[in-house]
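Colleague: Handing over start.cif, mmCIF, C-alpha atoms and all ligand atoms.
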data_model
loop_
_atom_site.label_atom_id
_atom_site.label_comp_id
_atom_site.auth_asym_id
_atom_site.auth_seq_id
_atom_site.Cartn_x
_atom_site.Cartn_y
_atom_site.Cartn_z
CA MET A 1 10.67 6.41 -17.77
CA THR A 2 9.77 4.21 -14.81
CA HIS A 3 6.16 4.92 -13.93
CA VAL A 4 4.58 2.66 -11.31
CA LEU A 5 0.81 2.26 -11.23
CA VAL A 6 -0.38 0.96 -7.86
CA ILE A 7 -3.92 -0.46 -7.97
CA GLY A 8 -5.84 -0.68 -4.66
CA ALA A 9 -6.31 2.08 -2.11
CA GLY A 10 -6.60 -0.06 1.03
CA GLY A 11 -4.15 -0.26 3.92
CA VAL A 12 -1.52 -2.15 1.90
CA GLY A 13 -1.74 0.21 -1.09
CA SER A 14 -1.45 3.17 1.25
CA VAL A 15 1.76 1.88 2.87
CA ALA A 16 3.27 0.95 -0.50
CA VAL A 17 2.78 4.40 -2.05
CA HIS A 18 4.03 6.18 1.10
CA LYS A 19 7.20 4.07 1.01
CA MET A 20 7.61 4.55 -2.76
CA ALA A 21 7.31 8.32 -2.31
CA MET A 22 10.01 8.13 0.37
CA ASN A 23 12.25 6.57 -2.30
CA LYS A 24 11.74 9.03 -5.13
CA GLY A 25 15.08 8.10 -6.67
CA ILE A 26 13.79 4.57 -7.35
CA PHE A 27 10.18 5.58 -8.10
CA PRO A 28 10.25 8.87 -10.03
CA LYS A 29 6.55 8.70 -11.02
CA ILE A 30 3.73 7.06 -9.06
CA THR A 31 -0.01 6.79 -9.81
CA LEU A 32 -2.48 5.29 -7.33
CA ALA A 33 -5.74 3.99 -8.81
CA SER A 34 -8.64 2.18 -7.20
CA ARG A 35 -12.34 1.51 -7.52
CA ARG A 36 -13.17 4.73 -5.68
CA LYS A 37 -10.96 7.71 -6.48
CA PHE A 38 -11.70 9.61 -3.26
CA LYS A 39 -9.78 6.94 -1.34
CA CYS A 40 -6.77 7.47 -3.61
CA ASP A 41 -7.01 11.24 -3.15
CA ALA A 42 -7.02 10.92 0.65
CA ILE A 43 -3.88 8.75 0.49
CA ALA A 44 -2.24 11.15 -1.97
CA GLN A 45 -2.85 14.00 0.50
CA SER A 46 -1.22 12.03 3.30
CA VAL A 47 1.74 11.18 1.03
CA LEU A 48 2.17 14.86 0.18
CA ALA A 49 1.94 15.92 3.82
CA ARG A 50 4.39 13.26 5.04
CA THR A 51 6.91 13.20 2.20
CA GLY A 52 6.39 16.34 0.10
CA VAL A 53 5.87 14.13 -2.96
CA THR A 54 2.86 14.51 -5.26
CA ILE A 55 1.41 11.30 -6.67
CA ASP A 56 -1.28 11.07 -9.35
CA THR A 57 -4.61 9.35 -8.72
CA ALA A 58 -7.20 7.68 -10.95
CA GLU A 59 -10.35 5.59 -10.82
CA VAL A 60 -10.41 2.11 -12.31
CA ASP A 61 -12.46 -1.05 -12.05
CA ALA A 62 -9.70 -3.65 -12.18
CA ASP A 63 -12.24 -6.43 -12.77
CA ASP A 64 -12.39 -4.92 -16.25
CA ALA A 65 -9.17 -5.81 -18.12
CA ALA A 66 -9.90 -3.41 -21.00
CA ALA A 67 -10.50 -0.46 -18.65
CA THR A 68 -7.31 -1.31 -16.75
CA ALA A 69 -5.34 -1.56 -19.99
CA ALA A 70 -6.76 1.79 -21.10
CA LEU A 71 -5.53 3.40 -17.86
CA ILE A 72 -2.06 1.82 -18.14
CA ARG A 73 -1.81 3.06 -21.71
CA ARG A 74 -3.14 6.54 -20.96
CA ILE A 75 -0.65 7.22 -18.15
CA GLY A 76 2.20 5.23 -19.74
CA ALA A 77 2.82 2.97 -16.73
CA SER A 78 5.85 0.69 -17.02
CA HIS A 79 5.03 -1.41 -13.91
CA VAL A 80 1.73 -2.33 -12.25
CA VAL A 81 1.68 -3.15 -8.53
CA ASN A 82 -1.58 -4.96 -7.80
CA LEU A 83 -2.68 -4.26 -4.23
CA ALA A 84 -6.40 -4.64 -4.92
CA LEU A 85 -7.94 -8.04 -4.13
CA PRO A 86 -6.91 -11.51 -5.31
CA TYR A 87 -10.02 -11.58 -7.56
CA GLN A 88 -8.40 -8.96 -9.81
CA ASP A 89 -5.07 -10.75 -10.36
CA LEU A 90 -5.90 -12.27 -13.75
CA THR A 91 -7.61 -9.22 -15.27
CA ILE A 92 -4.67 -7.04 -14.23
CA MET A 93 -2.20 -9.59 -15.63
CA ASP A 94 -4.20 -9.56 -18.89
CA ALA A 95 -4.04 -5.75 -18.96
CA CYS A 96 -0.26 -5.86 -18.42
CA LEU A 97 0.18 -8.29 -21.31
CA GLU A 98 -1.94 -6.12 -23.54
CA THR A 99 0.02 -2.95 -22.76
CA GLY A 100 3.55 -4.27 -22.17
CA ALA A 101 3.75 -3.48 -18.44
CA HIS A 102 5.51 -5.55 -15.77
CA TYR A 103 3.34 -6.98 -12.94
CA LEU A 104 3.63 -7.57 -9.18
CA ASP A 105 1.11 -8.70 -6.54
CA THR A 106 0.94 -9.88 -2.92
CA ALA A 107 -1.75 -12.57 -3.00
CA ASN A 108 -2.56 -15.36 -5.43
CA TYR A 109 -5.65 -15.40 -7.62
CA GLU A 110 -8.86 -16.66 -6.09
CA PRO A 111 -12.13 -17.25 -7.89
CA ARG A 112 -14.94 -15.38 -6.12
CA ASP A 113 -17.19 -18.43 -5.75
CA GLU A 114 -14.62 -20.81 -4.23
CA ALA A 115 -12.03 -20.21 -1.48
CA LYS A 116 -9.20 -21.91 -3.38
CA PHE A 117 -5.67 -20.65 -2.93
CA GLU A 118 -3.71 -22.08 -5.84
CA TYR A 119 -1.03 -20.69 -8.12
CA HIS A 120 -1.93 -22.69 -11.21
CA TRP A 121 -4.10 -19.94 -12.71
CA GLN A 122 -1.21 -17.46 -12.56
CA TRP A 123 1.57 -19.95 -13.37
CA ALA A 124 -0.38 -20.63 -16.60
CA TYR A 125 0.56 -17.07 -17.70
CA HIS A 126 4.29 -17.89 -17.69
CA ASP A 127 4.74 -18.41 -21.43
CA ARG A 128 2.73 -15.33 -22.36
CA PHE A 129 4.83 -13.10 -20.06
CA LYS A 130 8.00 -14.80 -21.30
CA ASP A 131 7.08 -14.31 -24.97
CA ALA A 132 6.26 -10.66 -24.28
CA GLY A 133 9.61 -10.15 -22.49
CA LEU A 134 7.74 -9.08 -19.34
CA MET A 135 8.19 -10.01 -15.69
CA ALA A 136 5.40 -10.95 -13.28
CA LEU A 137 6.46 -11.28 -9.64
CA LEU A 138 3.91 -13.12 -7.49
CA GLY A 139 3.38 -12.75 -3.75
CA SER A 140 5.65 -9.86 -2.74
CA GLY A 141 4.05 -9.22 0.66
CA PHE A 142 5.20 -10.62 4.01
CA ASP A 143 3.46 -13.97 3.88
CA PRO A 144 3.62 -14.82 1.06
CA GLY A 145 6.69 -12.84 0.20
CA VAL A 146 9.27 -12.21 2.91
CA THR A 147 8.69 -15.71 4.30
CA SER A 148 9.97 -17.19 1.01
CA VAL A 149 12.89 -14.73 0.90
CA PHE A 150 13.75 -15.66 4.53
CA THR A 151 13.70 -19.35 3.60
CA MET A 152 15.96 -18.84 0.57
CA TRP A 153 18.38 -16.67 2.59
CA LEU A 154 18.72 -19.46 5.17
CA LYS A 155 19.21 -21.96 2.37
CA LYS A 156 21.80 -19.80 0.60
CA HIS A 157 23.88 -18.92 3.64
CA HIS A 158 23.35 -21.65 6.23
CA PHE A 159 21.93 -24.90 4.91
CA ALA A 160 23.15 -27.50 2.46
CA ARG A 161 19.66 -28.97 2.77
CA ILE A 162 16.44 -27.84 4.47
CA ASP A 163 14.34 -30.70 5.84
CA THR A 164 11.48 -28.97 7.63
CA LEU A 165 10.05 -25.48 7.52
CA ASP A 166 7.57 -23.85 9.89
CA ILE A 167 6.24 -20.37 9.10
CA LEU A 168 5.02 -18.61 12.25
CA ASP A 169 2.81 -15.54 11.88
CA CYS A 170 1.98 -13.77 15.13
CA ASN A 171 0.00 -10.56 15.39
CA GLY A 172 0.23 -9.50 19.01
CA GLY A 173 -1.58 -6.23 18.27
CA ASP A 174 -4.75 -5.16 20.08
CA HIS A 175 -7.11 -2.81 18.18
CA GLY A 176 -9.64 -2.50 21.01
CA GLN A 177 -12.58 -3.75 18.86
CA HIS A 178 -14.72 -6.80 19.70
CA PHE A 179 -14.06 -8.30 16.27
CA ALA A 180 -12.13 -6.95 13.29
CA THR A 181 -9.67 -8.32 10.78
CA ASN A 182 -6.29 -6.76 10.08
CA PHE A 183 -6.59 -6.98 6.33
CA ASN A 184 -9.52 -7.24 3.96
CA PRO A 185 -12.14 -9.11 6.07
CA GLU A 186 -13.57 -11.07 3.16
CA ILE A 187 -10.17 -12.43 2.10
CA ASN A 188 -9.05 -12.96 5.70
CA ILE A 189 -12.14 -14.95 6.72
CA ARG A 190 -12.09 -17.05 3.53
CA GLU A 191 -8.49 -17.94 4.36
CA VAL A 192 -9.10 -18.76 8.02
CA THR A 193 -12.23 -20.85 7.46
CA ALA A 194 -10.68 -22.97 4.68
CA PRO A 195 -9.40 -26.46 5.66
CA ALA A 196 -5.80 -26.53 6.91
CA ARG A 197 -3.24 -28.17 4.64
CA HIS A 198 0.46 -28.80 5.09
CA TRP A 199 3.12 -30.43 2.94
CA GLU A 200 4.58 -33.72 4.15
CA ASN A 201 6.67 -36.27 2.29
CA GLY A 202 5.60 -35.09 -1.15
CA ALA A 203 1.86 -34.82 -0.48
CA TRP A 204 -0.71 -32.45 1.00
CA VAL A 205 -2.18 -33.43 4.35
CA GLU A 206 -5.60 -31.87 4.95
CA THR A 207 -7.13 -31.30 8.40
CA PRO A 208 -10.28 -29.41 9.45
CA ALA A 209 -9.92 -25.62 9.75
CA MET A 210 -8.46 -24.43 13.09
CA SER A 211 -8.36 -27.97 14.51
CA ILE A 212 -4.61 -28.14 15.29
CA LYS A 213 -3.08 -25.60 17.65
CA GLN A 214 0.16 -25.07 19.59
CA LYS A 215 1.49 -22.55 22.05
CA PHE A 216 4.62 -20.60 21.12
CA ASP A 217 6.52 -17.90 22.97
CA PHE A 218 7.08 -15.05 20.50
CA GLU A 219 9.83 -12.54 21.23
CA ALA A 220 8.43 -9.07 22.02
CA VAL A 221 4.88 -10.46 22.13
CA GLY A 222 4.81 -13.37 24.62
CA GLU A 223 3.14 -16.76 24.57
CA LYS A 224 0.33 -17.10 22.02
CA THR A 225 -1.80 -19.92 20.64
CA MET A 226 -1.19 -20.47 16.95
CA TYR A 227 -3.28 -22.55 14.55
CA LEU A 228 -2.21 -24.73 11.65
CA MET A 229 -3.50 -23.20 8.39
CA TYR A 230 -3.02 -23.47 4.68
CA HIS A 231 -1.10 -20.57 3.19
CA GLU A 232 -0.18 -20.06 -0.43
CA GLU A 233 3.61 -19.89 -0.10
CA LEU A 234 3.56 -23.56 0.97
CA GLU A 235 2.63 -24.45 -2.62
CA SER A 236 5.38 -22.42 -4.29
CA LEU A 237 8.00 -23.44 -1.71
CA ALA A 238 7.13 -27.12 -2.17
CA LYS A 239 7.60 -26.61 -5.92
CA HIS A 240 10.82 -24.59 -5.84
CA LEU A 241 12.47 -26.31 -2.85
CA PRO A 242 11.46 -29.94 -3.35
CA GLU A 243 14.00 -31.14 -0.75
CA ILE A 244 11.65 -29.91 2.03
CA LYS A 245 10.06 -32.93 3.69
CA ARG A 246 7.55 -31.00 5.76
CA ALA A 247 6.33 -27.41 5.46
CA ARG A 248 3.68 -25.93 7.76
CA PHE A 249 2.11 -22.51 8.32
CA TRP A 250 0.87 -21.29 11.71
CA MET A 251 -1.04 -18.12 12.59
CA THR A 252 -1.97 -16.80 16.04
CA PHE A 253 -5.56 -15.93 16.94
CA GLY A 254 -6.95 -14.74 20.28
CA GLU A 255 -9.83 -16.45 22.10
CA GLN A 256 -12.14 -13.53 21.31
CA TYR A 257 -11.45 -13.75 17.56
CA ILE A 258 -12.09 -17.50 17.53
CA THR A 259 -15.34 -17.16 19.52
CA HIS A 260 -16.72 -14.50 17.19
CA LEU A 261 -15.64 -16.38 14.09
CA THR A 262 -17.24 -19.62 15.35
CA VAL A 263 -20.56 -17.87 15.95
CA LEU A 264 -20.44 -16.12 12.56
CA GLN A 265 -19.70 -19.44 10.88
CA ASN A 266 -22.44 -21.26 12.80
CA VAL A 267 -25.08 -18.72 11.77
CA GLY A 268 -23.98 -18.76 8.12
CA MET A 269 -22.47 -15.28 7.94
CA THR A 270 -19.18 -16.54 6.46
CA ARG A 271 -20.87 -18.28 3.49
CA ILE A 272 -19.53 -17.25 0.09
CA ASP A 273 -22.46 -18.60 -1.94
CA PRO A 274 -25.26 -16.12 -2.72
CA VAL A 275 -28.52 -16.12 -0.73
CA ILE A 276 -31.72 -14.27 -1.66
CA TYR A 277 -32.41 -11.30 0.63
CA GLU A 278 -35.40 -9.05 -0.05
CA GLY A 279 -35.59 -10.29 -3.61
CA ARG A 280 -31.92 -9.85 -4.53
CA GLU A 281 -28.83 -12.00 -4.25
CA ILE A 282 -26.30 -11.14 -1.56
CA VAL A 283 -23.20 -13.03 -0.43
CA PRO A 284 -23.27 -13.22 3.40
CA LEU A 285 -19.50 -12.80 3.77
CA GLN A 286 -19.56 -9.66 1.57
CA PHE A 287 -22.39 -8.25 3.70
CA LEU A 288 -20.39 -9.07 6.85
CA LYS A 289 -17.41 -7.18 5.39
CA ALA A 290 -19.62 -4.13 4.94
CA VAL A 291 -20.50 -4.01 8.66
CA LEU A 292 -17.02 -4.81 10.05
CA PRO A 293 -14.45 -2.05 10.69
CA GLU A 294 -12.30 -1.24 7.66
CA PRO A 295 -8.79 -2.57 8.36
CA SER A 296 -7.36 0.82 7.34
CA SER A 297 -9.35 2.41 10.20
CA LEU A 298 -7.68 0.26 12.88
CA GLY A 299 -4.28 1.93 12.76
CA GLU A 300 -5.01 4.70 15.18
CA THR A 301 -5.98 2.39 18.05
CA THR A 302 -3.76 -0.66 17.49
CA LYS A 303 -1.00 -1.24 20.00
CA GLY A 304 1.50 -4.09 20.23
CA LYS A 305 3.77 -5.88 17.81
CA THR A 306 3.79 -8.47 15.05
CA ASN A 307 6.42 -11.19 14.94
CA ILE A 308 6.56 -13.19 11.69
CA GLY A 309 9.31 -15.60 10.79
CA VAL A 310 10.44 -19.04 9.70
CA ILE A 311 12.03 -21.93 11.58
CA ALA A 312 14.03 -24.30 9.41
CA THR A 313 15.76 -27.52 10.31
CA GLY A 314 18.26 -29.27 8.13
CA VAL A 315 21.90 -29.95 7.52
CA GLY A 316 24.46 -27.16 7.46
CA HIS A 317 27.35 -26.84 5.01
CA ASP A 318 29.51 -28.44 7.73
CA GLY A 319 27.30 -31.54 7.73
CA ALA A 320 25.84 -30.78 11.17
CA ALA A 321 22.12 -30.82 11.91
CA LYS A 322 20.75 -27.42 12.94
CA THR A 323 17.59 -25.44 13.61
CA LEU A 324 17.54 -21.75 12.68
CA TYR A 325 14.88 -19.12 13.41
CA LEU A 326 14.71 -15.95 11.27
CA TYR A 327 12.06 -13.31 12.02
CA ASN A 328 10.97 -9.68 11.96
CA ILE A 329 9.28 -7.79 14.77
CA CYS A 330 7.16 -4.80 13.74
CA ASP A 331 5.51 -2.29 16.06
CA HIS A 332 1.93 -1.21 15.24
CA GLU A 333 2.32 2.29 16.67
CA ASP A 334 5.62 2.92 14.87
CA ALA A 335 4.05 1.77 11.58
CA TYR A 336 1.10 4.10 12.16
CA ALA A 337 3.33 7.05 13.02
CA GLU A 338 5.29 6.59 9.79
CA THR A 339 2.52 5.88 7.26
CA GLY A 340 -0.86 6.20 9.01
CA ASN A 341 -1.42 2.42 8.80
CA GLN A 342 -1.09 -0.46 11.29
CA ALA A 343 1.63 -3.11 11.15
CA VAL A 344 -0.28 -5.76 9.15
CA SER A 345 -0.65 -3.30 6.26
CA TYR A 346 2.92 -2.09 6.86
CA THR A 347 4.49 -5.56 6.81
CA THR A 348 2.76 -6.17 3.46
CA GLY A 349 3.16 -2.75 1.84
CA VAL A 350 6.88 -2.44 2.53
CA PRO A 351 7.77 -5.76 0.81
CA ALA A 352 5.50 -4.77 -2.09
CA MET A 353 7.55 -1.57 -2.43
CA ILE A 354 10.80 -3.55 -2.16
CA GLY A 355 9.70 -6.13 -4.76
CA ALA A 356 8.81 -3.26 -7.10
CA ALA A 357 12.19 -1.65 -6.38
CA MET A 358 13.93 -4.94 -7.27
CA MET A 359 12.10 -4.92 -10.60
CA VAL A 360 12.43 -1.27 -11.62
CA SER A 361 16.14 -1.25 -10.74
CA GLY A 362 16.71 -4.47 -12.69
CA THR A 363 18.20 -6.12 -9.57
CA TRP A 364 15.65 -8.87 -10.07
CA SER A 365 14.82 -9.52 -13.68
CA GLY A 366 13.50 -12.20 -15.98
CA ALA A 367 10.81 -12.83 -18.55
CA GLY A 368 7.90 -14.91 -17.31
CA VAL A 369 5.99 -15.48 -14.07
CA PHE A 370 8.11 -15.87 -10.93
CA ASN A 371 7.67 -16.56 -7.24
CA MET A 372 9.86 -14.82 -4.67
CA GLU A 373 11.97 -17.89 -3.92
CA GLU A 374 13.28 -17.96 -7.50
CA MET A 375 15.17 -14.70 -6.93
CA ASP A 376 18.42 -13.87 -5.07
CA PRO A 377 17.33 -13.13 -1.47
CA ASP A 378 20.31 -10.92 -0.52
CA PRO A 379 19.37 -7.54 -2.07
CA PHE A 380 15.79 -7.91 -0.81
CA MET A 381 17.04 -8.75 2.71
CA ASP A 382 19.25 -5.64 2.64
CA MET A 383 16.31 -3.44 1.71
CA LEU A 384 14.16 -4.93 4.50
CA ASN A 385 16.78 -3.71 6.97
CA GLN A 386 16.93 -0.26 5.36
CA HIS A 387 13.19 0.35 4.95
CA GLY A 388 11.55 -0.46 8.27
CA LEU A 389 11.46 -4.25 8.55
CA PRO A 390 14.77 -5.26 10.18
CA TRP A 391 15.24 -8.97 10.71
CA GLN A 392 17.27 -11.14 13.04
CA TRP A 393 18.14 -14.80 13.25
CA ARG A 394 19.42 -17.24 15.82
CA GLU A 395 20.13 -20.93 16.26
CA LEU A 396 17.62 -22.82 18.40
CA PRO A 397 18.92 -25.53 20.73
CA ALA A 398 16.57 -28.13 19.21
CA PRO A 399 13.85 -28.52 16.55
CA LEU A 400 10.25 -27.69 17.54
CA ASP A 401 8.83 -30.49 19.69
CA PHE A 402 5.49 -30.58 17.84
N1 LIG B 501 1.17 -11.24 1.26
C1 LIG B 501 0.78 -10.70 2.40
O1 LIG B 501 1.51 -10.72 3.38
C2 LIG B 501 -0.56 -10.01 2.50
C3 LIG B 501 -1.00 -9.58 3.75
C4 LIG B 501 -2.17 -8.83 3.83
C5 LIG B 501 -2.90 -8.55 2.67
N2 LIG B 501 -2.45 -9.02 1.46
C6 LIG B 501 -3.20 -8.72 0.23
O2 LIG B 501 -3.09 -7.34 -0.04
C7 LIG B 501 -4.21 -6.90 -0.80
C8 LIG B 501 -4.75 -5.62 -0.22
O3 LIG B 501 -5.13 -5.83 1.14
P1 LIG B 501 -5.79 -4.64 2.01
O4 LIG B 501 -5.81 -5.09 3.40
O5 LIG B 501 -5.16 -3.36 1.63
O6 LIG B 501 -7.29 -4.71 1.45
P2 LIG B 501 -8.38 -3.55 1.40
O7 LIG B 501 -8.17 -2.60 2.54
O8 LIG B 501 -9.70 -4.21 1.24
O9 LIG B 501 -7.99 -2.77 0.06
C9 LIG B 501 -8.23 -3.28 -1.22
C10 LIG B 501 -8.40 -2.10 -2.15
O10 LIG B 501 -8.63 -2.60 -3.47
C11 LIG B 501 -9.72 -1.90 -4.02
N3 LIG B 501 -10.44 -2.71 -4.98
C12 LIG B 501 -11.24 -3.78 -4.75
N4 LIG B 501 -11.78 -4.22 -5.88
C13 LIG B 501 -11.31 -3.40 -6.86
C14 LIG B 501 -11.51 -3.35 -8.26
N5 LIG B 501 -12.32 -4.21 -8.88
N6 LIG B 501 -10.88 -2.39 -8.96
C15 LIG B 501 -10.08 -1.48 -8.35
N7 LIG B 501 -9.85 -1.50 -7.02
C16 LIG B 501 -10.46 -2.45 -6.29
C17 LIG B 501 -10.62 -1.58 -2.85
O11 LIG B 501 -11.49 -0.54 -3.22
P3 LIG B 501 -12.69 -0.06 -2.26
O12 LIG B 501 -12.04 0.76 -1.21
O13 LIG B 501 -13.55 0.71 -3.16
O14 LIG B 501 -13.35 -1.30 -1.70
C18 LIG B 501 -9.60 -1.21 -1.79
O15 LIG B 501 -9.23 0.14 -1.88
C19 LIG B 501 -5.19 -8.09 -0.79
O16 LIG B 501 -5.08 -8.79 -1.99
C20 LIG B 501 -4.69 -8.96 0.34
O17 LIG B 501 -5.02 -10.32 0.15
C21 LIG B 501 -1.29 -9.72 1.35
#
Is it possible to give me this structure as structure tokens?
Ligand SMILES: NC(=O)c1ccc[n+]([C@@H]2O[C@H](COP(=O)([O-])OP(=O)(O)OC[C@H]3O[C@@H](n4cnc5c(N)ncnc54)[C@H](OP(=O)(O)O)[C@@H]3O)[C@@H](O)[C@H]2O)c1
Modeller:
Amino acid sequence: MTHVLVIGAGGVGSVAVHKMAMNKGIFPKITLASRRKFKCDAIAQSVLARTGVTIDTAEVDADDAAATAALIRRIGASHVVNLALPYQDLTIMDACLETGAHYLDTANYEPRDEAKFEYHWQWAYHDRFKDAGLMALLGSGFDPGVTSVFTMWLKKHHFARIDTLDILDCNGGDHGQHFATNFNPEINIREVTAPARHWENGAWVETPAMSIKQKFDFEAVGEKTMYLMYHEELESLAKHLPEIKRARFWMTFGEQYITHLTVLQNVGMTRIDPVIYEGREIVPLQFLKAVLPEPSSLGETTKGKTNIGVIATGVGHDGAAKTLYLYNICDHEDAYAETGNQAVSYTTGVPAMIGAAMMVSGTWSGAGVFNMEEMDPDPFMDMLNQHGLPWQWRELPAPLDF
């Protein structure tokens, strides 16, 4: 029987299990496990209250592959949805190989001591998953995840060739706090403070973090300043769609966020190397995470919308040059009303549920390690429309002028 084990009881895990419970026909048995069981139990109570579905809960340290394998074996999970942190990707993949379970995640592996966002560690598992007849689906969140599916849908239906791709991630939500991050603060700040990188003419171009910015008028949000950043789907898209001459990723940040982040960086609070404090080692960024609001606590106060999408230029099947914009708008308050979590968790947890649905239904299948852009985008796009993340697209009069 299909039995999905979701690991990680944060905002994303919470949305994913709520949405799975709402689709009992696809997910007949669900277990939520995390480092601290009480967090799983609180989510299970909310799932029961909102959907009438009972899910099982368990405690696991997913840094420990043997303990994770023991849990998978004990409950008989057929699929593992990893919504813990990127540090756990490899141990959970090891546990899946050991027990014969399929694997899905939303963020690529990162070593704890270096903010390096690269797929090679996980791509190296391809042959082992293939030989075991198992599927591992990497990056089934929004970005990475839906952004790759959007790109492949444009390619399949509208472009003979894509020349340039810009991924635009705007969070127009206001949580009313001086400084907070919308997903795990440690992962978020590592990502934002890393040098920017984009793909151009077959090579990576590196620029200092947050040094290139542009204004863009986002539908349903308004004009925002967005910053050039590195994001992991650029690597997999450059590999799987080598025709792309330039691929960039942009994310919006408000003045207040940038000011706080600059100060925190200047005083050393975003360092990821250990320092000695009162005779013991602590990592400043991990300490900072402990004093910042938990992202899952922001839902109640966050108002506004997210708008995340892709702009592609290229040549259509008719030979004409065109620029197409495909995006989703998600409302923080609607997301909270439905699942008790704000839109950043919602826009990640729903695609995680859909990716898992693609796998358990056999709509997407294969043996080995796969990125989202290797799969048929159409059934995933249909489910986005049906499960709370409707999308729209339009032709722009001209390519971006930056
Ligand atoms: N692709 C996308 O669009 C996208 C967007 C946002 C986030 N993400 C990814 O989604 C994941 C979850 O994000 P989030 O915002 O939900 O983070 P979060 O709120 O920090 O939740 C992470 C959860 O994982 C648990 N965990 C951490 N280490 C663990 C371990 N060793 N064993 C078992 N459980 C462990 C945490 O337990 P505790 O509660 O005990 O700390 C927490 O419940 C992250 O990997 C993030 O990078 C992807």
Colleague: Residues within 6 Å of ligand LIG 501 (chain B) (all atoms listed in the file), as a ChimeraX atom specification?
Modeller: /A:8-13,34-36,60-63,83-86,106-107,139,141-145,183-184,187,295-296,348
Colleague: Which residue, A:Val81, A:Leu234, A:Ala21, A:Val369, has the smallest gap to Glu118 of chain A when you use only C-alpha atoms?
Modeller: A:Leu234
Colleague: Considering all atoms listed in the file, state which residue in the set A:Ile75, A:Ala101, A:Ala203, A:Ala66 is at the smallest distance from Ile30 of chain A.
Modeller: A:Ile75
Colleague: Tell me which of A:Ala42, A:Ile55, A:Cys330, A:Ala115 sits closest to Cys170 of chain A, counting all atoms listed in the file.
Modeller: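 For Cys170 of chain A, the nearest of the candidates is A:Cys330.
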Colleague: To one decimal place, how far is atom CA of Tyr230 of chain A from atom CA of Phe253 of chain A in Å?
Modeller: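 Computing the Euclidean distance for atom CA of Tyr230 of chain A and atom CA of Phe253 of chain A yields 14.6 Å.
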Colleague: Quick one: residues within 7 Å of Leu138 of chain A, all atoms listed in the file, excluding same-chain residues fewer than 4 positions away - as a list in words?
Modeller: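 Those residues are Leu104, Asp105, Thr106, Phe370, Asn371 and Met372 of chain A.
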Colleague: Show me, as a list of chain:residue names, the residues that have an atom within 10 Å of Tyr336 of chain A when counting all atoms listed in the file, minus same-chain residues fewer than 2 positions from it.
Modeller: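 Contacts, in chain order: A:Val15, A:Leu298, A:Gly299, A:Glu300, A:Thr301, A:Thr302, A:Lys303, A:Asp331, A:His332, A:Glu333, A:Asp334, A:Glu338, A:Thr339, A:Gly340, A:Asn341, A:Gln342, A:Ala343, A:Ser345, A:Tyr346.
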Colleague: Using Å and a single decimal, report how far atom CA of Glu191 of chain A sits from atom CA of Asp94 of chain A.
Modeller: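 Atom CA of Glu191 of chain A lies at a distance of 25.1 Å from atom CA of Asp94 of chain A.
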Colleague: For atom CA of Ala70 of chain A and atom CA of Asp131 of chain A, quote the distance in Å rounded to one decimal.
Modeller: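 Taking atom CA of Ala70 of chain A and atom CA of Asp131 of chain A, their separation equals 21.6 Å.
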Colleague: Looking at A:Arg50, A:His231, A:His126, A:Lys39, which one is nearest to Ala194 of chain A, with distances taken over all atoms listed in the file?
Modeller: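 Answer, going by the shortest atom-to-atom distance: A:His231.
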Colleague: Between A:Ala209, A:Ala196, A:Ala77, A:Ile258, which has the minimum distance to Thr225 of chain A (counting all atoms listed in the file)?
Modeller: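 Result for the nearest residue to Thr225 of chain A: A:Ile258.
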Colleague: Can you tell me which residues surround Pro379 of chain A at a distance of at most 12 Å, considering all atoms listed in the file, apart from same-chain residues fewer than 4 positions away, and format the answer as a PyMOL selection string?
Modeller: chain A and resi 149-150+153+354-355+357-359+361-364+375+383-386
Colleague: Output as a Markdown table one row per residue of segment 277-379 of chain A within 12 Å of segment 162-166 of chain A: the closest atom pair and its distance in Å to one decimal place, counting only C-alpha atoms, sorted by chain and residue number ascending.
Modeller:
| residue | atom | partner | partner_atom | distance |
| --- | --- | --- | --- | --- |
| A:Ile308 | CA | A:Asp166 | CA | 10.9 |
| A:Gly309 | CA | A:Asp166 | CA | 8.5 |
| A:Val310 | CA | A:Asp166 | CA | 5.6 |
| A:Ile311 | CA | A:Asp166 | CA | 5.1 |
| A:Ala312 | CA | A:Leu165 | CA | 4.6 |
| A:Thr313 | CA | A:Thr164 | CA | 5.3 |
| A:Gly314 | CA | A:Ile162 | CA | 4.3 |
| A:Val315 | CA | A:Ile162 | CA | 6.6 |
| A:Gly316 | CA | A:Ile162 | CA | 8.6 |
| A:His317 | CA | A:Ile162 | CA | 11.0 |
| A:Gly319 | CA | A:Ile162 | CA | 11.9 |
| A:Ala320 | CA | A:Ile162 | CA | 11.9 |
| A:Ala321 | CA | A:Ile162 | CA | 9.8 |
| A:Lys322 | CA | A:Ile162 | CA | 9.5 |
| A:Thr323 | CA | A:Thr164 | CA | 9.2 |
| A:Leu324 | CA | A:Leu165 | CA | 9.8 |
| A:Tyr325 | CA | A:Asp166 | CA | 9.4 |
| A:Leu326 | CA | A:Asp166 | CA | 10.7 |
| A:Tyr327 | CA | A:Asp166 | CA | 11.7 |
Colleague: Restricting the calculation to all atoms listed in the file, which member of A:Glu186, A:Asp113, A:Met152, A:Ala33 is positioned closest to Leu292 of chain A?
Modeller: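 So, comparing all the options, the nearest one is A:Glu186.
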